[in-house]
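Participant: Attaching a single structure in structure tokens format; questions to follow.
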Amino acid sequence: MVAVTVLMAEYNTNPEHLRTSIGSMLRQTFVDFEFLVVDDGSTTDVLRIASEFDDSRLSVISYGSDRENRGFAAALNHGLSAANGELIARIDPDDWVSPEYLATLYAFMTAHPEYSVASACAVEFSSSMPPIQIGRDGEKTSRDVMRGSAPIHAASMMRRSDIEAVGGYPDRHRAEDLALWCELLLAGRRLYVIPSVLYHYRVEPQDLRKRRLGNRGGELAVRMHYYRRLGAGPVEYLRIFRSVLSGVLPQRVVRGTRYVLWRSRARLRETQLLRGVSRKDESVHPGDEVRERQGGVDQP
């Protein structure tokens, strides 16, 4: 039995990016984990790349003789069925994580059994665009998730029993994570984002093309399906319009706007810290212990 199962779904990733991703996970300071890579009919030679690491914690699993690409949700559910850990950590095959990624999330999840999901913050990086930080720390309520402030799925650690209790990953194209968060919230489960920046999320120009309106059908369907059940108001329904607008505008414009907004928020926060401005809510938050232990938000 292991404490954590790391789960990756692999499909046609650049081999060098896949090596970087796997290597970053195998260099974790936390060692009590298994690492399952689900080969979802990938043309990348996943078995050969995995063999280069010669690490018994790393396993490649597939659907047997079936080389069909079944999709992201099916791959993750297949991995869940093979997992031995009660805690499931995620990583995508073209991203990488800081050495303290598992240790920090594991410490939070063991100290706070009231949460079903804990996510780190992340740096979104690209070979052609400036990096930005994504993720806002704190508990994520239904309102937060409907307004676009949700845990970062690829940077999350989750309780397997809670995911299984809501039926696993819903088969919602390019919106599996949003649908899962909604299902968990409807079941009374709680979600949290810690303040540490531990995940590095790769977004290249070809990835931006996937964010166009033609590929947002699954996301829009999920929002329409769950918002009424979660008690959405006018502001939450405006998030659907924002998703449509983001799919219509050129993605470099959308990305550039996000960068400007992020820099503005970062400068405001720096100014408040320099002036000694405290939070509006002075109560103790679960993430405070992470700030104390690591000295605030880590920078990559």
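In the structure tokens, chains take the letters A, B, ... in the order shown, each chain's residues start at 1, and ligands count up from 1 in the order shown.
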Find the residues near Ser62 (chain A): any atom within 12 Å, counting only C-alpha atoms, skip ones fewer than 3 places away on the same chain, and give them as a CSV table (one decimal) with all heavy atoms, in the first residue's frame.

Facilitator:
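Output saved as selection.csv:
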```csv
chain,number,residue,atom,x,y,z
A,8,MET,N,-1.2,10.1,-14.5
A,8,MET,CA,-1.0,10.8,-15.7
A,8,MET,C,-1.7,10.1,-16.8
A,8,MET,O,-1.6,8.9,-16.9
A,8,MET,CB,0.5,10.9,-16.0
A,8,MET,CG,0.8,11.5,-17.4
A,8,MET,SD,2.6,11.3,-17.8
A,8,MET,CE,3.4,12.6,-16.7
A,9,ALA,N,-2.4,10.8,-17.7
A,9,ALA,CA,-3.0,10.3,-18.9
A,9,ALA,C,-2.2,10.8,-20.1
A,9,ALA,O,-2.1,12.0,-20.3
A,9,ALA,CB,-4.4,10.7,-19.0
A,10,GLU,N,-1.6,9.9,-20.8
A,10,GLU,CA,-0.7,10.3,-21.9
A,10,GLU,C,-1.3,10.0,-23.3
A,10,GLU,O,-1.7,8.9,-23.6
A,10,GLU,CB,0.6,9.5,-21.8
A,10,GLU,CG,1.5,9.3,-23.0
A,10,GLU,CD,1.8,10.6,-23.8
A,10,GLU,OE1,1.7,11.7,-23.2
A,10,GLU,OE2,2.1,10.4,-25.0
A,11,TYR,N,-1.2,11.0,-24.2
A,11,TYR,CA,-1.7,10.8,-25.5
A,11,TYR,C,-0.9,11.8,-26.5
A,11,TYR,O,-1.0,13.0,-26.4
A,11,TYR,CB,-3.1,11.1,-25.7
A,11,TYR,CG,-3.7,10.9,-27.1
A,11,TYR,CD1,-3.7,9.7,-27.7
A,11,TYR,CD2,-4.1,12.0,-27.8
A,11,TYR,CE1,-4.1,9.5,-29.0
A,11,TYR,CE2,-4.6,11.9,-29.1
A,11,TYR,CZ,-4.6,10.6,-29.7
A,11,TYR,OH,-5.0,10.5,-31.0
A,36,LEU,N,1.4,6.1,-12.0
A,36,LEU,CA,0.8,5.4,-13.0
A,36,LEU,C,0.6,6.3,-14.3
A,36,LEU,O,-0.1,7.3,-14.2
A,36,LEU,CB,-0.6,4.9,-12.6
A,36,LEU,CG,-0.7,3.9,-11.4
A,36,LEU,CD1,-2.1,3.5,-11.1
A,36,LEU,CD2,0.2,2.7,-11.5
A,37,VAL,N,1.2,5.9,-15.4
A,37,VAL,CA,1.0,6.6,-16.6
A,37,VAL,C,0.1,5.7,-17.5
A,37,VAL,O,0.4,4.6,-17.9
A,37,VAL,CB,2.3,6.8,-17.4
A,37,VAL,CG1,2.1,7.5,-18.7
A,37,VAL,CG2,3.3,7.5,-16.5
A,38,VAL,N,-1.1,6.3,-17.8
A,38,VAL,CA,-2.1,5.6,-18.6
A,38,VAL,C,-1.8,5.9,-20.1
A,38,VAL,O,-1.9,7.0,-20.5
A,38,VAL,CB,-3.5,5.9,-18.3
A,38,VAL,CG1,-4.5,5.1,-19.1
A,38,VAL,CG2,-3.8,5.7,-16.8
A,39,ASP,N,-1.4,4.9,-20.9
A,39,ASP,CA,-1.2,5.0,-22.3
A,39,ASP,C,-2.5,5.0,-23.0
A,39,ASP,O,-3.0,3.9,-23.2
A,39,ASP,CB,-0.2,3.9,-22.8
A,39,ASP,CG,0.1,4.0,-24.2
A,39,ASP,OD1,-0.4,4.9,-24.9
A,39,ASP,OD2,1.0,3.2,-24.7
A,40,ASP,N,-3.0,6.1,-23.4
A,40,ASP,CA,-4.3,6.2,-24.0
A,40,ASP,C,-4.2,6.1,-25.5
A,40,ASP,O,-4.7,7.0,-26.3
A,40,ASP,CB,-5.0,7.5,-23.6
A,40,ASP,CG,-6.5,7.6,-24.0
A,40,ASP,OD1,-7.1,6.5,-24.2
A,40,ASP,OD2,-7.0,8.7,-24.1
A,41,GLY,N,-3.6,5.0,-26.0
A,41,GLY,CA,-3.4,4.9,-27.5
A,41,GLY,C,-2.4,5.8,-28.1
A,41,GLY,O,-2.6,6.2,-29.2
A,42,SER,N,-1.4,6.2,-27.3
A,42,SER,CA,-0.5,7.2,-27.7
A,42,SER,C,0.5,6.7,-28.8
A,42,SER,O,0.9,5.5,-28.8
A,42,SER,CB,0.4,7.7,-26.5
A,42,SER,OG,1.3,8.7,-27.0
A,46,VAL,N,5.7,5.3,-25.0
A,46,VAL,CA,5.7,5.6,-23.6
A,46,VAL,C,6.5,4.5,-22.8
A,46,VAL,O,7.2,4.9,-21.8
A,46,VAL,CB,4.2,5.6,-23.1
A,46,VAL,CG1,4.2,6.0,-21.6
A,46,VAL,CG2,3.4,6.5,-23.9
A,47,LEU,N,6.4,3.3,-23.2
A,47,LEU,CA,7.1,2.2,-22.5
A,47,LEU,C,8.6,2.4,-22.5
A,47,LEU,O,9.3,2.2,-21.5
A,47,LEU,CB,6.7,0.8,-23.0
A,47,LEU,CG,5.4,0.2,-22.6
A,47,LEU,CD1,5.0,-1.0,-23.4
A,47,LEU,CD2,5.4,-0.1,-21.1
A,59,SER,N,4.9,3.0,-13.5
A,59,SER,CA,4.3,1.9,-14.3
A,59,SER,C,3.5,2.5,-15.4
A,59,SER,O,2.9,3.6,-15.2
A,59,SER,CB,3.4,1.1,-13.4
A,59,SER,OG,4.1,0.5,-12.3
A,65,SER,N,-4.8,-5.2,-25.1
A,65,SER,CA,-4.4,-5.2,-26.6
A,65,SER,C,-5.1,-4.1,-27.3
A,65,SER,O,-4.8,-3.8,-28.5
A,65,SER,CB,-4.8,-6.5,-27.2
A,65,SER,OG,-6.2,-6.8,-27.1
A,66,ASP,N,-6.0,-3.4,-26.7
A,66,ASP,CA,-6.8,-2.3,-27.4
A,66,ASP,C,-5.9,-1.0,-27.4
A,66,ASP,O,-5.6,-0.5,-26.4
A,66,ASP,CB,-8.1,-2.0,-26.6
A,66,ASP,CG,-9.0,-1.0,-27.3
A,66,ASP,OD1,-8.6,-0.5,-28.4
A,66,ASP,OD2,-10.1,-0.8,-26.9
A,67,ARG,N,-5.6,-0.6,-28.6
A,67,ARG,CA,-4.8,0.6,-28.8
A,67,ARG,C,-5.6,1.9,-29.1
A,67,ARG,O,-5.1,2.9,-29.4
A,67,ARG,CB,-3.8,0.5,-29.9
A,67,ARG,CG,-2.7,-0.6,-29.6
A,67,ARG,CD,-1.8,-0.2,-28.5
A,67,ARG,NE,-1.1,1.1,-28.8
A,67,ARG,CZ,-0.6,1.9,-27.8
A,67,ARG,NH1,-0.7,1.6,-26.6
A,67,ARG,NH2,0.0,3.0,-28.2
A,68,GLU,N,-6.9,1.8,-28.9
A,68,GLU,CA,-7.8,2.9,-29.2
A,68,GLU,C,-7.6,4.0,-28.2
A,68,GLU,O,-7.3,3.8,-27.0
A,68,GLU,CB,-9.3,2.4,-29.0
A,68,GLU,CG,-10.3,3.5,-29.3
A,68,GLU,CD,-11.7,2.9,-29.0
A,68,GLU,OE1,-11.9,1.8,-28.6
A,68,GLU,OE2,-12.7,3.7,-29.2
A,69,ASN,N,-7.7,5.2,-28.7
A,69,ASN,CA,-7.7,6.4,-27.9
A,69,ASN,C,-9.1,6.6,-27.3
A,69,ASN,O,-10.0,7.0,-28.0
A,69,ASN,CB,-7.3,7.6,-28.6
A,69,ASN,CG,-7.5,8.9,-27.9
A,69,ASN,OD1,-8.1,9.9,-28.3
A,69,ASN,ND2,-6.9,9.0,-26.7
A,70,ARG,N,-9.3,6.4,-26.0
A,70,ARG,CA,-10.6,6.5,-25.4
A,70,ARG,C,-11.0,7.9,-24.8
A,70,ARG,O,-12.1,8.1,-24.5
A,70,ARG,CB,-10.8,5.4,-24.3
A,70,ARG,CG,-10.6,4.0,-24.8
A,70,ARG,CD,-10.9,3.0,-23.7
A,70,ARG,NE,-10.7,1.6,-24.2
A,70,ARG,CZ,-10.8,0.5,-23.4
A,70,ARG,NH1,-11.3,0.7,-22.2
A,70,ARG,NH2,-10.6,-0.7,-23.9
A,74,ALA,N,-11.9,8.7,-19.7
A,74,ALA,CA,-11.7,7.3,-19.7
A,74,ALA,C,-10.4,6.8,-19.2
A,74,ALA,O,-10.2,5.9,-18.4
A,74,ALA,CB,-12.0,6.7,-21.1
A,75,ALA,N,-9.3,7.5,-19.6
A,75,ALA,CA,-8.0,7.2,-19.2
A,75,ALA,C,-7.8,7.4,-17.7
A,75,ALA,O,-7.2,6.6,-17.0
A,75,ALA,CB,-7.0,8.0,-20.0
A,76,LEU,N,-8.3,8.5,-17.2
A,76,LEU,CA,-8.2,8.8,-15.8
A,76,LEU,C,-9.0,7.8,-14.9
A,76,LEU,O,-8.5,7.4,-13.9
A,76,LEU,CB,-8.6,10.3,-15.5
A,76,LEU,CG,-7.7,11.4,-16.0
A,76,LEU,CD1,-8.2,12.7,-15.7
A,76,LEU,CD2,-6.3,11.2,-15.5
A,77,ASN,N,-10.2,7.5,-15.4
A,77,ASN,CA,-11.0,6.5,-14.7
A,77,ASN,C,-10.3,5.1,-14.7
A,77,ASN,O,-10.4,4.4,-13.7
A,77,ASN,CB,-12.4,6.4,-15.3
A,77,ASN,CG,-13.2,7.6,-14.9
A,77,ASN,OD1,-13.1,8.2,-13.8
A,77,ASN,ND2,-14.2,8.0,-15.8
A,78,HIS,N,-9.7,4.8,-15.8
A,78,HIS,CA,-8.9,3.5,-15.9
A,78,HIS,C,-7.8,3.6,-14.9
A,78,HIS,O,-7.5,2.6,-14.2
A,78,HIS,CB,-8.4,3.3,-17.3
A,78,HIS,CG,-7.7,2.0,-17.5
A,78,HIS,ND1,-8.3,0.8,-17.4
A,78,HIS,CD2,-6.4,1.7,-17.8
A,78,HIS,CE1,-7.5,-0.2,-17.6
A,78,HIS,NE2,-6.3,0.3,-17.9
A,79,GLY,N,-7.1,4.7,-14.8
A,79,GLY,CA,-6.0,4.8,-13.8
A,79,GLY,C,-6.5,4.7,-12.4
A,79,GLY,O,-5.9,4.1,-11.5
A,81,SER,N,-9.0,3.0,-11.3
A,81,SER,CA,-9.4,1.6,-11.0
A,81,SER,C,-8.1,0.8,-10.7
A,81,SER,O,-8.3,-0.2,-10.0
A,81,SER,CB,-10.1,1.0,-12.2
A,81,SER,OG,-9.2,0.8,-13.3
A,82,ALA,N,-7.0,1.3,-11.1
A,82,ALA,CA,-5.7,0.5,-10.8
A,82,ALA,C,-4.9,1.1,-9.7
A,82,ALA,O,-3.9,0.6,-9.2
A,82,ALA,CB,-4.8,0.5,-12.1
```

Participant: Quick one: residues within 9 Å of region 94-109 of chain A, only C-alpha atoms, excluding same-chain residues fewer than 2 positions away - as a ChimeraX atom specification?

Facilitator: /A:3-4,13-31,87,89,91-92,111-120,154-159,194,196-203,286-287,289-290,300

Participant: Can you list every residue in region 39-251 of chain A that DSSP puts in helix (DSSP H, G or I), as an NGL selection string?

Facilitator: :A and (46-51 or 72-82 or 101-111 or 142-146 or 153-155 or 160-165 or 176-186 or 205-209 or 213-215 or 217-227 or 234-248 or 251)

Participant: Pick out the closest residue to Glu164 (chain A) from this set: A:Gly138, A:Phe53, A:Ile88, A:Thr43. Count only C-alpha atoms.

Facilitator: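 For Glu164 (chain A), the nearest of the given residues is A:Ile88.
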
Participant: Would you mind listing what lies within 7 Å of region 172-188 of chain A as a VMD selection string, with only C-alpha atoms counted and same-chain residues fewer than 6 positions away left out?

Facilitator: chain A and resid 73 142 153 166 218 to 219 222 226

Participant: Per DSSP on the backbone, what are the strand (DSSP E) residues of region 12-239 of chain A, as a PyMOL selection string?

Facilitator: chain A and resi 33-39+58-61+87-90+96-97+117-125+132-134+138-140+156-159+191-202

Participant: Report the distance between CA of Arg90 (chain A) and CA of Leu7 (chain A) in Å, rounded to one decimal place.

Facilitator: 5.1 Å

Participant: Could you tell me which of A:Ala83, A:Met146, A:Cys121, A:Val60 comes closest to Arg223 (chain A) if we count only C-alpha atoms?

Facilitator: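 Once distances to Arg223 (chain A) are computed over only C-alpha atoms, the minimum belongs to A:Met146.
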
Participant: If I take CA of Tyr169 (chain A) and CA of Gly71 (chain A), how far is one from the other in Å, to one decimal?

Facilitator: 11.3 Å

Participant: Of the candidates A:Leu80, A:Val145, A:Ile49, A:Met1, which one gets nearest to Phe33 (chain A) if we count only C-alpha atoms?

Facilitator: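 That would be A:Met1, the residue with the smallest distance to Phe33 (chain A).
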
Participant: Near Glu204 (chain A), within 10 Å and counting only C-alpha atoms, which residues show up once chain neighbours fewer than 5 positions away are dropped, as number ranges by chain?

Facilitator: A: 124-129, 209

Participant: Which neighbours of Gly148 (chain A) fall inside 9 Å, counting only C-alpha atoms, when residues of the same chain fewer than 3 positions from it are skipped, and could you give them as an NGL selection string?

Facilitator: :A and (143-145 or 236 or 239)

Participant: If you keep all heavy atoms, can you produce a file of those selected residues as a compact mmCIF listing (two decimals), in the first residue's frame?

Facilitator:
```
# COMPACT_ATOMS: atom_id res chain seq x y z
N ARG A 143 -19.90 29.20 -5.82
CA ARG A 143 -19.85 30.50 -6.50
C ARG A 143 -18.49 30.74 -7.13
O ARG A 143 -18.39 31.21 -8.27
CB ARG A 143 -20.17 31.63 -5.51
CG ARG A 143 -20.29 33.00 -6.19
CD ARG A 143 -20.55 34.10 -5.20
NE ARG A 143 -19.39 34.36 -4.37
CZ ARG A 143 -19.28 35.36 -3.50
NH1 ARG A 143 -20.31 36.19 -3.34
NH2 ARG A 143 -18.20 35.54 -2.79
N ASP A 144 -17.41 30.41 -6.41
CA ASP A 144 -16.07 30.58 -6.95
C ASP A 144 -15.89 29.77 -8.24
O ASP A 144 -15.38 30.28 -9.24
CB ASP A 144 -15.01 30.14 -5.93
CG ASP A 144 -14.98 31.02 -4.70
OD1 ASP A 144 -15.11 32.25 -4.85
OD2 ASP A 144 -14.82 30.48 -3.59
N VAL A 145 -16.27 28.51 -8.17
CA VAL A 145 -16.08 27.63 -9.32
C VAL A 145 -16.90 28.12 -10.51
O VAL A 145 -16.42 28.15 -11.65
CB VAL A 145 -16.47 26.18 -8.96
CG1 VAL A 145 -16.51 25.29 -10.20
CG2 VAL A 145 -15.46 25.62 -7.95
N GLU A 236 -23.01 34.69 -12.18
CA GLU A 236 -22.47 33.39 -12.56
C GLU A 236 -22.81 33.06 -14.02
O GLU A 236 -21.97 32.53 -14.76
CB GLU A 236 -23.00 32.29 -11.64
CG GLU A 236 -22.38 32.29 -10.26
CD GLU A 236 -22.85 33.45 -9.40
OE1 GLU A 236 -24.07 33.67 -9.33
OE2 GLU A 236 -21.99 34.14 -8.81
N ARG A 239 -20.56 34.34 -16.64
CA ARG A 239 -19.33 33.58 -16.90
C ARG A 239 -19.47 32.75 -18.17
O ARG A 239 -18.47 32.52 -18.87
CB ARG A 239 -19.03 32.66 -15.70
CG ARG A 239 -17.69 31.93 -15.82
CD ARG A 239 -16.55 32.92 -15.81
NE ARG A 239 -15.25 32.30 -15.82
CZ ARG A 239 -14.65 31.75 -16.89
NH1 ARG A 239 -15.29 31.74 -18.04
NH2 ARG A 239 -13.45 31.22 -16.80
```
